[in-house]
Structure formats: C-alpha cells, structure tokens
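Notes follow the structure.
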Amino acid sequence: MNIALFASGTGSNVKNIIDFFKKNKTINIVLVVSNNSSAGALIHAKNNNIHQLVIDKESLSDTKSVLEKLREKNIELVVLAGFLLKIPEKFITNYKGKIINLHPSLLPKFGGKGMYGNNVHKAVLESNETKTGITIHYVNKNYDEGTIIKQYETKLSKKETIESIALKIKNLEKLYFPVTIEELILKSY
Ligand code: GRF
C-alpha cells in the first residue's frame, strides 16, 4: 500500500505520519507533494529519503502530470495534511474514495474556504465553544464536506487562547491521525 502525502506548510503531520509508518512493511509513504517549495513537509520527506514533488496551481488543476506521477509510484491513497489548494474534480474522479483530509475542527462546524490553521481556532474561540477537535474525512468537490471517517474531541475551558487551542489540536493530530490512516487501510484495502 503506497501513500502520497500532500502538504503546504510546516508539515508536523507529515513528520508524524512518516515516523509512524517508518517500520511498517506493508504501508509505505512514497511521495510528498507540495505547492510550496519551501514547505517544511518537503524537508521531512528529504530527511527520510522520500520522493518529493513540487507542483503549482496550474499543474494541479490540469491534473495530468500529477496523476501520472501518482500512477508511476502506484499510489493507492492520497492523504492531505495541511494542503491548502483545492483538489480539482478531475483528480477526485480518478482517485474516488481514495483521498482523505485532516481538518482542525469538528466538522461541519468551522469548515469551508479560508478555514485553516489559526482562522479555525479564532472562530472557535469567538464562538465560545466548549469543545473542539479534529475531523478526518474523505475529500469531495466541496471544501470540508466529504464523508466523515473519524472525529476526536477535546474540551475547552473559559481560559483558552488561539495558541492553547492550536496546541490541543496538534496533540490530537499527533495521537490520532496516523493511527486512523492505518485503521482505514486495514479496514478497506
Ligand atoms: C493541521 O492543523 C491540519 O489539521 C490542517 O492543517 C494543519 C497542518 O499543520 N489541515 P502541519 O503543516 O501538519 O503542521
């Protein structure tokens, strides 16, 4: 089972996933794709001898060269870990049910365009939520609307800040994202 990770930013999740599957003999992280040539995610890939691919918005929307690369590497599952560009419909059709995303809130709350990173945590804070969490879901043509695979929650006190919420979310992601990917693969492939 070959996995490609797509990421745009620092890539803490990319690092967690690479570390988690390092010793796994059947599940392999074989490609890290980014639209940002200075993404930390690419450095984690490089440090682990994992193939890296930098794409731009145009090549993603054209999809042809990206799909060719994924096929060449026999990718069976695409994991979006902080990937900020929208996945085009053509791509989704070719990888139906095989693209998943991590979102830092309890969807359907605080999802949609522009809802990423601290924008999400700020909205959670301003809404006086008593809990937040992470959602792992399939990707469809609308931002953050695909079928939910798993959600994990954390309680919020009255003293939270954007930073404290971000930290709670990071902890949930570290604890649960890699293991949820593993469970999904064992169940469905
Ligand atoms: C994560 O919080 C994830 O939920 C969201 O983007 C963030 C990526 O963080 N989709 P990192 O680059 O993995 O540190």
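Every chain in the structure tokens takes a letter, A first, then B, and so on in the order presented; its residues are numbered from 1, and the ligands are numbered from 1 following the presented order.
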
Contacts of A:Ala166 at 8 Å (only C-alpha atoms; same-chain gap of 5+ positions) as an mmCIF file with all heavy atoms, in the first residue's frame:
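The result, stored in around_25.cif:
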data_model
loop_
_atom_site.group_PDB
_atom_site.id
_atom_site.type_symbol
_atom_site.label_atom_id
_atom_site.label_comp_id
_atom_site.auth_asym_id
_atom_site.auth_seq_id
_atom_site.Cartn_x
_atom_site.Cartn_y
_atom_site.Cartn_z
ATOM 1 N N GLY A 117 -5.848 26.478 9.799
ATOM 2 C CA GLY A 117 -4.942 26.944 10.851
ATOM 3 C C GLY A 117 -5.625 27.817 11.887
ATOM 4 O O GLY A 117 -6.736 27.516 12.341
ATOM 5 N N ASN A 118 -4.967 28.935 12.212
ATOM 6 C CA ASN A 118 -5.482 29.788 13.283
ATOM 7 C C ASN A 118 -6.818 30.449 12.961
ATOM 8 O O ASN A 118 -7.529 30.871 13.866
ATOM 9 C CB ASN A 118 -4.448 30.864 13.648
ATOM 10 C CG ASN A 118 -3.349 30.288 14.532
ATOM 11 O OD1 ASN A 118 -3.469 29.167 15.029
ATOM 12 N ND2 ASN A 118 -2.291 31.044 14.729
ATOM 13 N N HIS A 121 -9.173 28.217 14.706
ATOM 14 C CA HIS A 121 -9.119 28.318 16.172
ATOM 15 C C HIS A 121 -9.707 29.650 16.666
ATOM 16 O O HIS A 121 -10.357 29.707 17.700
ATOM 17 C CB HIS A 121 -7.676 28.151 16.665
ATOM 18 C CG HIS A 121 -7.002 26.944 16.092
ATOM 19 N ND1 HIS A 121 -7.666 25.743 15.925
ATOM 20 C CD2 HIS A 121 -5.742 26.752 15.614
ATOM 21 C CE1 HIS A 121 -6.834 24.872 15.378
ATOM 22 N NE2 HIS A 121 -5.671 25.449 15.179
#

Within 9 Å of ligand 1, counting only C-alpha atoms and all ligand atoms, residues as a ChimeraX atom specification: /A:7-16,39-41,80-84,101-105,116-118,134-136,166,169-170,173

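Here atom CA of A:Glu182 stands at a distance of 20.8 Å from atom CA of A:Leu106.
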
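Ranking A:Val30, A:Leu85, A:Ile185, A:Leu172 by their shortest atom-to-atom distance to A:Ile55, with only C-alpha atoms included, puts A:Leu85 first.
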
Members of stretch 19-183 of chain A assigned strand (DSSP E) by DSSP, as number ranges by chain: A: 28-34, 51-54, 75-80, 99-103, 131-138, 148-155

For A:Phe91: contacts at 9 Å, only C-alpha atoms, fewer than 5 positions along chain excluded, given as a PDB file with C-alpha atoms, in the first residue's frame:
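Wrote it out as around21.pdb, contents follow:
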ATOM      1  CA  LEU A  60      -2.787  20.696 -10.111  1.00  0.00           C
ATOM      2  CA  SER A  61      -5.842  21.971 -11.946  1.00  0.00           C
ATOM      3  CA  ASP A  62      -4.631  20.340 -15.162  1.00  0.00           C
ATOM      4  CA  THR A  63      -4.071  17.162 -13.054  1.00  0.00           C
ATOM      5  CA  LYS A  64      -2.467  15.161 -15.894  1.00  0.00           C
ATOM      6  CA  VAL A  66       0.217  14.880 -11.084  1.00  0.00           C
ATOM      7  CA  LEU A  67      -1.881  11.797 -11.848  1.00  0.00           C
ATOM      8  CA  LYS A  96     -12.575   8.207  -5.967  1.00  0.00           C
TER       9      LYS A  96
END

12 Å contact set for A:Ser188, only C-alpha atoms, chain neighbours under 3 positions out, as a PyMOL selection string: chain A and resi 1+76-77+97-98+149+181-185

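Interatomic distance, atom CA of A:Thr26 against atom CA of A:Thr93: 25.7 Å.
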
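Between A:Arg71 and the residues A:Asp19, A:Asn119, A:Asn94, A:His51, the shortest atom-to-atom distance, using only C-alpha atoms, involves A:Asn94.
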
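Rounded to one decimal, atom CA of A:Ile100 and atom CA of A:Ser65 lie 20.3 Å from each other.
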